[in-house]
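**Q** One file is attached below, run-v6.csv, containing CSV, C-alpha atoms and all ligand atoms.
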```
chain,number,residue,atom,x,y,z
A,1,MET,CA,-18.1,122.5,227.8
A,2,LEU,CA,-20.6,122.2,225.0
A,3,GLU,CA,-24.1,123.1,226.1
A,4,LEU,CA,-27.2,122.0,224.2
A,5,THR,CA,-30.7,123.4,224.7
A,6,GLY,CA,-33.9,121.5,224.5
A,7,ALA,CA,-34.4,122.7,220.9
A,8,ASP,CA,-30.9,121.6,219.9
A,9,VAL,CA,-31.5,118.2,221.4
A,10,THR,CA,-34.9,117.8,219.8
A,11,GLY,CA,-33.4,118.5,216.4
A,12,LEU,CA,-30.7,115.9,216.8
A,13,LEU,CA,-33.0,113.2,218.3
A,14,GLY,CA,-34.8,113.0,215.0
A,15,LYS,CA,-31.6,111.5,213.5
A,16,VAL,CA,-31.4,108.7,216.0
A,17,ASP,CA,-33.2,105.3,216.2
A,18,LEU,CA,-33.9,105.4,220.0
A,19,VAL,CA,-35.2,101.8,220.0
A,20,ASP,CA,-31.9,100.6,218.5
A,21,VAL,CA,-29.9,102.6,221.1
A,22,VAL,CA,-31.7,101.2,224.1
A,23,ARG,CA,-31.5,97.6,222.6
A,24,GLU,CA,-27.7,98.1,222.3
A,25,VAL,CA,-27.6,99.3,225.9
A,26,PHE,CA,-29.4,96.2,227.2
A,27,LEU,CA,-27.0,94.0,225.3
A,28,ALA,CA,-24.1,95.8,226.8
A,29,HIS,CA,-25.7,95.4,230.2
A,30,ALA,CA,-26.2,91.6,229.6
A,31,ASN,CA,-22.5,91.4,228.7
A,32,ASP,CA,-21.3,93.3,231.8
A,33,ARG,CA,-20.1,96.2,229.7
A,34,THR,CA,-21.8,98.7,231.9
A,35,VAL,CA,-21.4,100.4,235.3
A,36,LEU,CA,-24.8,101.2,236.9
A,37,PRO,CA,-24.6,102.7,240.4
A,38,GLU,CA,-27.8,103.2,242.4
A,39,GLU,CA,-29.4,106.5,241.7
A,40,SER,CA,-29.7,109.1,244.5
A,41,CYS,CA,-33.0,110.9,245.1
A,42,LEU,CA,-33.5,114.1,247.1
A,43,ARG,CA,-37.1,114.7,248.1
A,44,TRP,CA,-38.7,117.7,249.7
A,45,THR,CA,-42.0,119.5,250.0
A,46,ASN,CA,-42.1,123.1,248.9
A,47,ASP,CA,-43.8,126.0,250.7
A,48,GLN,CA,-47.0,125.3,248.6
A,49,GLY,CA,-47.1,121.8,250.0
A,50,GLU,CA,-46.1,120.3,246.6
A,51,SER,CA,-43.8,117.2,246.3
A,52,CYS,CA,-40.4,118.1,244.7
A,53,ARG,CA,-37.5,115.8,243.9
A,54,SER,CA,-34.1,115.7,242.3
A,55,LEU,CA,-32.7,112.4,240.9
A,56,ASN,CA,-29.1,112.0,240.1
A,57,MET,CA,-28.5,109.0,237.8
A,58,PRO,CA,-24.9,108.2,236.8
A,59,GLY,CA,-23.8,105.4,234.4
A,60,LEU,CA,-21.2,104.2,232.0
A,61,VAL,CA,-21.9,102.0,229.0
A,62,GLU,CA,-19.6,100.5,226.4
A,63,ILE,CA,-21.1,99.9,222.9
A,64,ASP,CA,-19.0,98.9,219.9
A,65,GLY,CA,-15.8,99.5,221.8
A,66,ARG,CA,-16.7,103.0,222.7
A,67,ARG,CA,-17.4,103.9,226.3
A,68,THR,CA,-19.7,106.8,227.3
A,69,ALA,CA,-19.9,108.0,230.9
A,70,GLY,CA,-22.2,110.6,232.3
A,71,THR,CA,-25.2,111.3,234.5
A,72,LYS,CA,-28.7,112.5,234.3
A,73,ILE,CA,-30.0,115.0,236.8
A,74,ILE,CA,-33.7,115.3,236.5
A,75,ASN,CA,-35.8,117.4,238.9
A,76,ALA,CA,-39.6,117.7,239.2
A,77,SER,CA,-42.2,119.5,241.1
A,78,LEU,CA,-45.8,118.3,241.0
A,79,GLY,CA,-47.1,121.9,241.0
A,80,ASN,CA,-45.3,122.9,237.8
A,81,PRO,CA,-48.0,122.2,235.3
A,82,ASP,CA,-50.3,124.7,237.1
A,83,ARG,CA,-47.5,127.3,236.8
A,84,GLY,CA,-47.4,126.6,233.0
A,85,LEU,CA,-44.0,124.8,233.5
A,86,PRO,CA,-43.1,121.2,232.5
A,87,ARG,CA,-43.4,119.0,235.6
A,88,ALA,CA,-39.9,117.6,235.1
A,89,GLY,CA,-36.7,118.9,233.6
A,90,GLY,CA,-32.9,118.6,233.9
A,91,ILE,CA,-29.7,117.9,232.2
A,92,VAL,CA,-27.6,115.0,230.9
A,93,LEU,CA,-23.9,115.6,231.6
A,94,LEU,CA,-21.3,113.7,229.6
A,95,PHE,CA,-17.8,113.0,230.9
A,96,ASP,CA,-14.5,112.5,229.0
A,97,VAL,CA,-13.7,108.9,229.9
A,98,THR,CA,-9.9,109.6,230.1
A,99,THR,CA,-9.8,112.8,232.1
A,100,ALA,CA,-13.2,112.5,233.8
A,101,ARG,CA,-13.8,116.2,232.9
A,102,LEU,CA,-17.3,117.4,231.9
A,103,VAL,CA,-17.5,117.7,228.1
A,104,CYS,CA,-21.1,118.3,227.3
A,105,SER,CA,-24.4,119.3,228.9
A,106,MET,CA,-27.7,118.5,227.2
A,107,ASP,CA,-31.2,119.4,228.2
A,108,ALA,CA,-32.6,116.1,229.5
A,109,ALA,CA,-36.4,116.4,229.0
A,110,HIS,CA,-36.6,114.9,225.5
A,111,ILE,CA,-33.7,112.5,226.0
A,112,SER,CA,-35.4,111.1,229.1
A,113,ALA,CA,-38.9,110.9,227.6
A,114,GLY,CA,-37.6,109.5,224.3
A,115,ARG,CA,-35.5,106.8,226.0
A,116,THR,CA,-38.3,105.8,228.3
A,117,ALA,CA,-40.7,105.5,225.4
A,118,ALA,CA,-38.1,103.5,223.4
A,119,VAL,CA,-37.7,101.0,226.3
A,120,SER,CA,-41.5,100.5,226.5
A,121,VAL,CA,-41.8,100.1,222.8
A,122,LEU,CA,-38.9,97.6,222.7
A,123,ALA,CA,-40.4,95.7,225.7
A,124,ALA,CA,-43.9,95.5,224.0
A,125,GLU,CA,-42.3,94.3,220.7
A,126,LEU,CA,-40.4,91.6,222.7
A,127,LEU,CA,-43.4,90.4,224.7
A,128,TRP,CA,-46.7,91.0,222.8
A,129,ALA,CA,-48.5,88.0,221.3
A,130,ARG,CA,-49.0,90.0,218.1
A,131,PRO,CA,-48.6,93.6,217.0
A,132,ALA,CA,-50.9,95.7,219.2
A,133,ARG,CA,-54.1,97.0,217.7
A,134,SER,CA,-55.3,98.8,220.8
A,135,ILE,CA,-53.4,100.8,223.4
A,136,GLY,CA,-54.7,102.2,226.7
A,137,VAL,CA,-52.8,105.1,228.2
A,138,VAL,CA,-53.5,106.7,231.6
A,139,GLY,CA,-52.0,110.1,232.0
A,140,ALA,CA,-51.7,112.5,229.1
A,141,GLY,CA,-48.5,114.4,229.8
A,142,ALA,CA,-45.0,114.5,228.3
A,143,LEU,CA,-44.4,110.8,228.6
A,144,ALA,CA,-47.8,109.8,227.1
A,145,GLU,CA,-47.0,111.9,224.1
A,146,ALA,CA,-43.5,110.5,223.7
A,147,HIS,CA,-44.8,106.9,224.0
A,148,LEU,CA,-47.7,107.3,221.6
A,149,ASP,CA,-45.7,109.3,219.0
A,150,LEU,CA,-43.0,106.6,218.9
A,151,ALA,CA,-45.4,103.7,219.0
A,152,LEU,CA,-47.7,105.0,216.3
A,153,ARG,CA,-44.8,105.8,214.0
A,154,ARG,CA,-43.6,102.2,214.4
A,155,TRP,CA,-46.8,100.2,214.6
A,156,PRO,CA,-49.2,100.5,211.6
A,157,SER,CA,-51.2,97.7,213.4
A,158,VAL,CA,-52.7,100.2,215.9
A,159,ARG,CA,-56.3,101.1,215.3
A,160,GLU,CA,-57.5,102.4,218.6
A,161,VAL,CA,-55.9,104.5,221.4
A,162,ARG,CA,-57.8,105.1,224.6
A,163,LEU,CA,-56.5,108.0,226.8
A,164,HIS,CA,-57.6,109.0,230.2
A,165,ASP,CA,-56.2,111.9,232.4
A,166,GLN,CA,-57.6,113.1,235.7
A,167,VAL,CA,-57.5,116.5,234.0
A,168,SER,CA,-59.6,115.6,231.0
A,169,GLU,CA,-58.6,118.6,228.9
A,170,ARG,CA,-55.1,117.2,228.8
A,171,ALA,CA,-56.3,114.0,227.3
A,172,VAL,CA,-58.5,115.9,224.8
A,173,ARG,CA,-55.6,118.1,223.7
A,174,LEU,CA,-53.2,115.2,223.3
A,175,ALA,CA,-55.8,113.2,221.4
A,176,GLU,CA,-56.3,116.2,219.1
A,177,ARG,CA,-52.6,116.7,218.5
A,178,LEU,CA,-52.0,113.0,217.7
A,179,GLY,CA,-55.2,112.7,215.7
A,180,ASP,CA,-53.9,115.3,213.3
A,181,THR,CA,-50.9,113.2,212.5
A,182,TYR,CA,-52.2,109.6,212.8
A,183,ARG,CA,-55.4,109.7,210.9
A,184,THR,CA,-56.0,106.0,210.6
A,185,VAL,CA,-56.1,105.7,214.5
A,186,ALA,CA,-59.3,106.2,216.5
A,187,PHE,CA,-58.5,108.3,219.6
A,188,ASP,CA,-61.0,107.8,222.4
A,189,VAL,CA,-60.8,110.1,225.5
A,190,ALA,CA,-62.0,107.8,228.2
A,191,SER,CA,-64.0,109.0,231.2
A,192,SER,CA,-62.2,106.7,233.6
A,193,ALA,CA,-58.9,104.8,233.9
A,194,GLU,CA,-60.8,101.6,233.8
A,195,ARG,CA,-62.4,102.5,230.5
A,196,ALA,CA,-59.0,103.4,229.1
A,197,VAL,CA,-57.3,100.1,230.0
A,198,ARG,CA,-59.9,97.4,230.1
A,199,ASP,CA,-59.6,95.0,227.2
A,200,THR,CA,-56.7,96.9,225.5
A,201,GLU,CA,-53.8,94.8,224.3
A,202,LEU,CA,-51.1,97.2,225.6
A,203,ILE,CA,-51.5,99.2,228.8
A,204,ILE,CA,-49.2,102.1,229.6
A,205,PRO,CA,-49.8,104.1,232.8
A,206,VAL,CA,-47.8,107.4,232.7
A,207,THR,CA,-49.3,109.4,235.6
A,208,THR,CA,-47.8,110.9,238.7
A,209,THR,CA,-49.9,109.0,241.2
A,210,THR,CA,-48.4,107.3,244.3
A,211,THR,CA,-51.7,105.4,244.9
A,212,GLY,CA,-52.4,102.3,242.9
A,213,TYR,CA,-55.7,101.9,241.1
A,214,ILE,CA,-55.3,99.2,238.4
A,215,PRO,CA,-56.4,95.8,239.7
A,216,ALA,CA,-55.7,92.5,238.1
A,217,ASP,CA,-59.2,92.1,236.7
A,218,TRP,CA,-58.9,95.2,234.4
A,219,ILE,CA,-56.1,93.4,232.6
A,220,ALA,CA,-57.3,91.0,229.8
A,221,PRO,CA,-55.5,87.8,229.0
A,222,GLY,CA,-52.7,88.4,226.5
A,223,THR,CA,-52.1,92.0,227.5
A,224,VAL,CA,-48.7,93.6,228.0
A,225,THR,CA,-48.7,96.2,230.7
A,226,VAL,CA,-45.7,98.5,230.8
A,227,ASN,CA,-45.8,100.1,234.3
A,228,VAL,CA,-43.9,103.2,233.4
A,229,SER,CA,-45.0,105.4,236.3
A,230,LEU,CA,-44.4,102.5,238.7
A,231,ASP,CA,-47.2,103.1,241.2
A,232,ASP,CA,-50.4,102.7,239.2
A,233,LEU,CA,-50.8,98.9,239.6
A,234,LEU,CA,-52.4,97.4,242.7
A,235,PRO,CA,-50.4,94.5,244.2
A,236,ASP,CA,-52.7,91.9,242.7
A,237,ALA,CA,-51.9,93.1,239.2
A,238,PHE,CA,-48.4,91.9,239.9
A,239,SER,CA,-49.3,88.7,241.7
A,240,GLY,CA,-52.0,87.9,239.1
A,241,ALA,CA,-49.6,88.4,236.2
A,242,ASP,CA,-48.3,85.3,234.4
A,243,LYS,CA,-44.9,86.9,234.0
A,244,VAL,CA,-43.2,90.0,235.6
A,245,ILE,CA,-40.2,91.4,233.8
A,246,VAL,CA,-38.0,94.3,235.1
A,247,ASP,CA,-35.4,96.4,233.4
A,248,ASP,CA,-32.8,96.1,236.2
A,249,TRP,CA,-33.3,94.1,239.3
A,250,SER,CA,-30.7,95.9,241.4
A,251,LEU,CA,-32.4,99.3,240.9
A,252,VAL,CA,-35.8,97.8,241.8
A,253,ALA,CA,-34.4,96.1,244.9
A,254,ALA,CA,-32.6,99.2,246.1
A,255,ASP,CA,-35.7,101.4,245.8
A,256,THR,CA,-37.8,102.0,248.9
A,257,THR,CA,-40.7,104.0,247.5
A,258,ARG,CA,-42.2,102.3,244.5
A,259,LEU,CA,-44.6,99.4,244.7
A,260,LEU,CA,-42.4,96.5,243.4
A,261,GLY,CA,-39.5,97.6,245.6
A,262,ARG,CA,-41.8,97.8,248.6
A,263,MET,CA,-43.3,94.4,247.9
A,264,HIS,CA,-39.7,93.0,247.7
A,265,ARG,CA,-38.9,94.5,251.1
A,266,SER,CA,-42.0,92.8,252.5
A,267,GLY,CA,-40.7,89.4,251.2
A,268,ASP,CA,-43.4,89.2,248.5
A,269,VAL,CA,-41.1,89.2,245.4
A,270,LEU,CA,-38.6,86.5,244.2
A,271,PRO,CA,-35.8,88.2,242.2
A,272,PRO,CA,-35.1,87.1,238.7
A,273,PRO,CA,-33.1,83.8,238.5
A,274,ARG,CA,-29.7,85.4,238.0
A,275,HIS,CA,-30.1,87.4,241.2
A,276,ARG,CA,-31.5,84.7,243.5
A,277,THR,CA,-29.5,83.7,246.5
A,278,PRO,CA,-29.4,80.2,248.2
A,279,ALA,CA,-31.8,81.7,250.9
A,280,ASP,CA,-34.3,82.4,248.1
A,281,ALA,CA,-34.4,78.7,247.2
A,282,GLY,CA,-35.4,77.7,250.7
A,283,ARG,CA,-38.3,80.1,251.3
A,284,PRO,CA,-42.0,79.6,250.4
A,285,ALA,CA,-43.0,80.9,246.9
A,286,PRO,CA,-43.8,84.6,247.3
A,287,ALA,CA,-46.7,86.3,245.5
A,288,VAL,CA,-44.6,87.7,242.7
A,289,GLU,CA,-41.8,85.9,240.9
A,290,VAL,CA,-39.7,88.1,238.6
A,291,ALA,CA,-39.1,86.0,235.5
A,292,ALA,CA,-36.2,88.0,233.9
A,293,GLU,CA,-34.6,91.4,233.2
A,294,LEU,CA,-35.2,92.9,229.8
A,295,CYS,CA,-31.5,92.4,228.9
A,296,ASP,CA,-31.9,88.6,229.4
A,297,LEU,CA,-34.7,88.6,226.8
A,298,ILE,CA,-32.5,90.6,224.3
A,299,SER,CA,-29.4,88.4,224.9
A,300,GLY,CA,-31.5,85.3,224.6
A,301,ALA,CA,-30.7,84.1,228.1
A,302,ALA,CA,-34.4,84.1,229.0
A,303,THR,CA,-37.6,83.4,227.2
A,304,GLY,CA,-40.4,85.9,226.9
A,305,ARG,CA,-44.0,85.0,226.2
A,306,ARG,CA,-44.9,81.3,226.2
A,307,SER,CA,-48.5,81.5,225.3
A,308,ALA,CA,-50.9,84.0,223.7
A,309,ASP,CA,-52.9,84.3,226.9
A,310,GLU,CA,-50.2,85.3,229.2
A,311,ARG,CA,-50.7,88.6,231.1
A,312,ILE,CA,-47.2,90.1,231.2
A,313,VAL,CA,-46.2,93.1,233.4
A,314,VAL,CA,-43.0,95.0,232.7
A,315,ASN,CA,-41.7,97.2,235.4
A,316,PRO,CA,-39.2,99.6,233.8
A,317,PHE,CA,-37.6,101.4,236.8
A,318,GLY,CA,-35.5,103.6,234.4
A,319,MET,CA,-31.8,103.1,233.8
A,320,SER,CA,-29.4,106.0,233.5
A,321,LEU,CA,-27.5,104.0,231.0
A,322,HIS,CA,-30.1,104.8,228.4
A,323,ASP,CA,-29.9,108.5,228.9
A,324,VAL,CA,-26.1,108.5,228.8
A,325,ALA,CA,-26.0,106.3,225.7
A,326,VAL,CA,-28.5,108.5,223.8
A,327,ALA,CA,-26.7,111.6,224.8
A,328,GLY,CA,-23.4,109.9,223.9
A,329,LYS,CA,-24.8,109.0,220.5
A,330,LEU,CA,-25.7,112.6,219.8
A,331,TYR,CA,-22.4,113.9,221.0
A,332,HIS,CA,-20.1,111.4,219.2
A,333,ASP,CA,-22.1,110.8,216.0
A,334,HIS,CA,-23.7,114.1,215.4
A,335,LEU,CA,-21.5,116.7,217.2
A,336,GLY,CA,-18.1,115.4,216.4
A,337,GLY,CA,-17.3,114.4,220.1
A,338,GLN,CA,-14.0,112.5,220.5
A,339,ASP,CA,-14.0,108.7,220.8
A,340,GLN,CA,-12.1,106.9,223.4
A,341,PRO,CA,-11.1,103.3,222.8
A,342,GLY,CA,-13.1,101.0,225.1
A,343,ARG,CA,-11.4,98.3,227.2
A,344,GLN,CA,-13.3,96.0,229.5
A,345,ASP,CA,-10.5,96.1,232.1
A,346,HIS,CA,-11.2,99.8,232.6
A,347,LEU,CA,-14.4,98.9,234.4
A,348,GLU,CA,-14.1,98.5,238.2
A,349,PRO,CA,-14.7,94.8,238.8
A,350,HIS,CA,-17.0,95.3,241.8
A,351,ASP,CA,-19.2,97.7,239.8
A,352,GLN,CA,-19.5,95.7,236.6
A,353,GLY,CA,-22.9,95.0,235.1
A,354,HIS,CA,-25.7,94.3,237.5
B,1,LIG,N1,-39.9,104.4,234.5
B,1,LIG,C1,-39.2,105.4,233.9
B,1,LIG,O1,-38.2,105.1,233.3
B,1,LIG,C2,-39.7,106.8,233.8
B,1,LIG,C3,-39.0,107.8,233.1
B,1,LIG,C4,-39.5,109.1,233.0
B,1,LIG,C5,-40.7,109.4,233.7
B,1,LIG,N2,-41.4,108.4,234.4
B,1,LIG,C6,-42.6,108.7,235.1
B,1,LIG,O2,-43.6,108.9,234.1
B,1,LIG,C7,-44.7,109.6,234.7
B,1,LIG,C8,-45.3,110.7,233.8
B,1,LIG,O3,-44.3,111.6,233.5
B,1,LIG,P1,-44.7,112.9,232.6
B,1,LIG,O4,-43.4,113.7,232.5
B,1,LIG,O5,-45.5,112.6,231.5
B,1,LIG,O6,-45.6,113.7,233.7
B,1,LIG,P2,-46.6,114.9,233.4
B,1,LIG,O7,-46.8,115.6,234.7
B,1,LIG,O8,-46.2,115.6,232.2
B,1,LIG,O9,-48.0,114.1,233.1
B,1,LIG,C9,-48.6,113.3,234.0
B,1,LIG,C10,-50.1,113.3,233.7
B,1,LIG,O10,-50.7,112.3,234.5
B,1,LIG,C11,-52.0,112.9,235.0
B,1,LIG,N3,-52.3,112.1,236.2
B,1,LIG,C12,-51.7,112.1,237.4
B,1,LIG,N4,-52.3,111.3,238.2
B,1,LIG,C13,-53.3,110.7,237.6
B,1,LIG,C14,-54.3,109.7,237.9
B,1,LIG,N5,-54.3,109.1,239.1
B,1,LIG,N6,-55.1,109.3,236.9
B,1,LIG,C15,-55.2,109.9,235.7
B,1,LIG,N7,-54.3,110.9,235.4
B,1,LIG,C16,-53.3,111.2,236.3
B,1,LIG,C17,-51.7,114.3,235.2
B,1,LIG,O11,-52.9,115.1,235.2
B,1,LIG,C18,-50.8,114.7,234.0
B,1,LIG,O12,-51.5,115.1,232.9
B,1,LIG,C19,-44.1,110.2,236.0
B,1,LIG,O13,-44.5,109.5,237.1
B,1,LIG,C20,-42.6,110.0,235.8
B,1,LIG,O14,-41.9,109.9,237.1
B,1,LIG,C21,-40.9,107.1,234.4
```
Using the file provided, produce a representation of the structure as structure tokens.

**A**
Amino acid sequence: MLELTGADVTGLLGKVDLVDVVREVFLAHANDRTVLPEESCLRWTNDQGESCRSLNMPGLVEIDGRRTAGTKIINASLGNPDRGLPRAGGIVLLFDVTTARLVCSMDAAHISAGRTAAVSVLAAELLWARPARSIGVVGAGALAEAHLDLALRRWPSVREVRLHDQVSERAVRLAERLGDTYRTVAFDVASSAERAVRDTELIIPVTTTTTGYIPADWIAPGTVTVNVSLDDLLPDAFSGADKVIVDDWSLVAADTTRLLGRMHRSGDVLPPPRHRTPADAGRPAPAVEVAAELCDLISGAATGRRSADERIVVNPFGMSLHDVAVAGKLYHDHLGGQDQPGRQDHLEPHDQGH
């Protein structure tokens, strides 16, 4: 089995347009050319009282007649940054689609951060009223850096980035690093989350909080909020949004820990139209109506923004398909991995698509 370190992966990722890859994945998902099982999550508390978890996220995606199957295993301990370690790390494993044998293992950190940033950037481009001039980011870790680096490379429109971290040196260090590269952008280290996000056109929380703190009234009309870390918004930020978009409804609905999944379990969320049941039609309108999945916007099955004033919240739960597709792209296109011809009838009918 081929094994790639983090340095190997970082070198190869520079050759790939991640936004293009995640767009292709969403199109494949819209066309039922994916298998996306629920992820499994093992959680524990270590002997220091810190939260630890291991996620196993398998998936199969067929793009341009080529199927890629694999899984991402990504582990995290909240205490790692204080030990001088990255909070999260893991591997993406690729499987041979004929024999099911493992063919490649890649360090997951940069693939995971890169594909998450690419989904957020794609979502913003699909949903903003105009190219963003200001971005407010809460949390200044690996995901903040991946998001800002990708966004600032793609969007010359950005003039201002506001950054807040509960450990302010982290925000200062990230602002300095990015400021050296993106000299036309003003980086402001904000003293509070509210100062970072209020009146910015694009809001990206990338913290590790499990306690919401962003209320609806911090979010200006016209803003796109990409809720990457999933628990930063307060319920009224969802119910006060003009539109809520998810990446994959089945993942959100199966989840018992994050806010939108919990609100769904309490009966406060109406699924996107494609996932509604006859029982949904009969019940009183809940607080949050999910308008669409991202794949519907990309396939043209749903409309995104309808007016410049809409406040739009995107809840990207995180799909293994993106990790597997990015790893597959590196393996097949840049490492000489073997292609297998794709055939729709190889997908198990009960597992297809959503
Ligand atoms: N939705 C997805 O697809 C997806 C994918 C990958 C990671 N994530 C999530 O993104 C988040 C960030 O990941 P990371 O690797 O950058 O983590 P990280 O540990 O590198 O950085 C998180 C930063 O947030 C700061 N922080 C934590 N709570 C805060 C708060 N309440 N206010 C202000 N700052 C706070 C920390 O000090 C830290 O600097 C994690 O929650 C992770 O689970 C989501």

**Q** Between chain A and ligand LIG 1 (chain B), at 9 Å or less, what are the per-residue closest atom pairs and their distances in Å? Count only C-alpha atoms and all ligand atoms, order by chain and rising residue number, and return it as a tab-separated table.

**A**
```
residue	atom	partner	partner_atom	distance
A:Ala76	CA	B:LIG1	O14	8.4
A:Ser77	CA	B:LIG1	O7	8.8
A:Leu78	CA	B:LIG1	O7	6.9
A:Gly79	CA	B:LIG1	O7	8.9
A:Asn80	CA	B:LIG1	O7	8.1
A:Pro81	CA	B:LIG1	O7	6.7
A:Pro86	CA	B:LIG1	O8	6.4
A:Arg87	CA	B:LIG1	O7	4.9
A:Ala88	CA	B:LIG1	O4	5.8
A:Gly89	CA	B:LIG1	O4	8.6
A:Ala109	CA	B:LIG1	O4	8.3
A:Ser112	CA	B:LIG1	C4	6.0
A:Ala113	CA	B:LIG1	C4	5.7
A:Gly114	CA	B:LIG1	C4	8.9
A:Arg115	CA	B:LIG1	O1	8.0
A:Thr116	CA	B:LIG1	O1	5.0
A:Ala117	CA	B:LIG1	C3	8.2
A:Val119	CA	B:LIG1	O1	8.1
A:Ser120	CA	B:LIG1	O1	8.8
A:Val138	CA	B:LIG1	C15	5.5
A:Gly139	CA	B:LIG1	O10	3.6
A:Ala140	CA	B:LIG1	O12	4.6
A:Gly141	CA	B:LIG1	O9	3.4
A:Ala142	CA	B:LIG1	O5	3.8
A:Leu143	CA	B:LIG1	O5	3.6
A:Ala144	CA	B:LIG1	O5	5.7
A:Glu145	CA	B:LIG1	O5	7.6
A:Ala146	CA	B:LIG1	O5	8.3
A:His164	CA	B:LIG1	C15	6.1
A:Asp165	CA	B:LIG1	N7	3.7
A:Gln166	CA	B:LIG1	N7	4.0
A:Val167	CA	B:LIG1	O11	5.0
A:Ser168	CA	B:LIG1	O11	7.9
A:Glu169	CA	B:LIG1	O12	8.9
A:Arg170	CA	B:LIG1	O12	5.8
A:Ala171	CA	B:LIG1	O12	7.5
A:Ser192	CA	B:LIG1	C15	8.0
A:Ala193	CA	B:LIG1	C15	6.6
A:Pro205	CA	B:LIG1	C7	7.7
A:Val206	CA	B:LIG1	C8	4.3
A:Thr207	CA	B:LIG1	O10	3.4
A:Thr208	CA	B:LIG1	O13	3.9
A:Thr209	CA	B:LIG1	N4	4.5
A:Thr210	CA	B:LIG1	N5	8.1
A:Thr211	CA	B:LIG1	N5	7.4
A:Gly212	CA	B:LIG1	N5	8.0
A:Tyr213	CA	B:LIG1	N5	7.6
A:Asn227	CA	B:LIG1	N1	7.3
A:Val228	CA	B:LIG1	N1	4.3
A:Ser229	CA	B:LIG1	O13	4.2
A:Leu230	CA	B:LIG1	N1	6.4
A:Asp231	CA	B:LIG1	O13	8.1
A:Asp232	CA	B:LIG1	N5	7.5
A:Asn315	CA	B:LIG1	N1	7.5
A:Pro316	CA	B:LIG1	N1	4.9
A:Phe317	CA	B:LIG1	N1	4.4
A:Gly318	CA	B:LIG1	O1	3.3
A:Met319	CA	B:LIG1	O1	6.7
A:Ser320	CA	B:LIG1	O1	8.8
```

**Q** What does the distance between atom CA of Trp218 of chain A and atom CA of Leu270 of chain A come to in Å, to one decimal place?

**A**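 Going from atom CA of Trp218 of chain A over to atom CA of Leu270 of chain A, I get 24.2 Å.
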
**Q** Around the point (-63.2, 113.9, 225.2) (coordinates from the file), which residues reach within 7 Å if we count only C-alpha atoms? Answer as a PyMOL selection string.

**A** chain A and resi 172+189-190

**Q** For the selection you just gave me, I'd like the residues written to a file as an mmCIF file, keeping the file's coordinate frame, keeping C-alpha atoms.

**A**
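Saved the output as out21.cif:
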```cif
data_model
loop_
_atom_site.group_PDB
_atom_site.id
_atom_site.type_symbol
_atom_site.label_atom_id
_atom_site.label_comp_id
_atom_site.auth_asym_id
_atom_site.auth_seq_id
_atom_site.Cartn_x
_atom_site.Cartn_y
_atom_site.Cartn_z
ATOM 1 C CA VAL A 172 -58.500 115.900 224.800
ATOM 2 C CA VAL A 189 -60.800 110.100 225.500
ATOM 3 C CA ALA A 190 -62.000 107.800 228.200
#
```

**Q** Set the distance at 6 Å and use only C-alpha atoms: which residues neighbour segment 271-278 of chain A once local chain neighbours fewer than 4 positions away are removed? I'd like the list as a list in words.

**A**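 Once the adjacent positions are removed, what remains is Val290, Ala291 and Ala292 of chain A.
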
**Q** So, counting only C-alpha atoms, which residue among A:Asp217, A:Glu201, A:Glu3, A:Asp247 is closest to Leu94 of chain A?

**A**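 Distance minimum relative to Leu94 of chain A lands on A:Glu3.
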
**Q** Would you list the contacts of Leu4 of chain A as a PyMOL selection string, taking every protein, DNA or RNA residue within 12 Å and counting all atoms listed in the file, but skipping same-chain residues closer than 4 positions in sequence?

**A** chain A and resi 8-12+90-94+103-111+327+330-331+335

**Q** How far is it from atom CA of Cys41 of chain A to atom CA of Ile63 of chain A, in Å with one decimal?

**A** 27.5 Å

**Q** What would the list of residues within 8 Å of (-37.5, 101.7, 216.6) (file frame) look like as an mmCIF file with C-alpha atoms, in the coordinates of the input, if all atoms listed in the file are what count?

**A**
```cif
data_model
loop_
_atom_site.group_PDB
_atom_site.id
_atom_site.type_symbol
_atom_site.label_atom_id
_atom_site.label_comp_id
_atom_site.auth_asym_id
_atom_site.auth_seq_id
_atom_site.Cartn_x
_atom_site.Cartn_y
_atom_site.Cartn_z
ATOM 1 C CA ASP A 17 -33.200 105.300 216.200
ATOM 2 C CA LEU A 18 -33.900 105.400 220.000
ATOM 3 C CA VAL A 19 -35.200 101.800 220.000
ATOM 4 C CA ASP A 20 -31.900 100.600 218.500
ATOM 5 C CA ALA A 118 -38.100 103.500 223.400
ATOM 6 C CA VAL A 121 -41.800 100.100 222.800
ATOM 7 C CA LEU A 122 -38.900 97.600 222.700
ATOM 8 C CA LEU A 150 -43.000 106.600 218.900
ATOM 9 C CA ARG A 154 -43.600 102.200 214.400
#
```

**Q** Would you work out the distance separating atom CA of Gly304 of chain A from atom CA of Val161 of chain A, expressed in Å to one decimal?

**A**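 The value is 24.8 Å.
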
**Q** Pick out the closest residue to Leu36 of chain A from this set: A:Glu50, A:Glu62, A:Asp333, A:Glu289. Count all atoms listed in the file.

**A**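 So, comparing all the options, the nearest one is A:Glu62.
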
**Q** Return the single residue from A:Ala287, A:Pro221, A:Ala69, A:Ile245 that is closest to His264 of chain A, with distances computed using only C-alpha atoms.

**A**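 Closest to His264 of chain A, using only C-alpha atoms: A:Ala287.
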
**Q** Do you know which residues are at most 9 Å from segment 55-58 of chain A counting only C-alpha atoms, after dropping those on the same chain fewer than 5 positions away, and could you put them as a PyMOL selection string?

**A** chain A and resi 35-43+69-76+319-321+324

**Q** Determine the nearest neighbour of Phe238 of chain A from the options A:Thr68, A:Ser250, A:Gln48, A:Thr225, counting all atoms listed in the file.

**A**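 Using all atoms listed in the file, the shortest distance to Phe238 of chain A belongs to A:Thr225.
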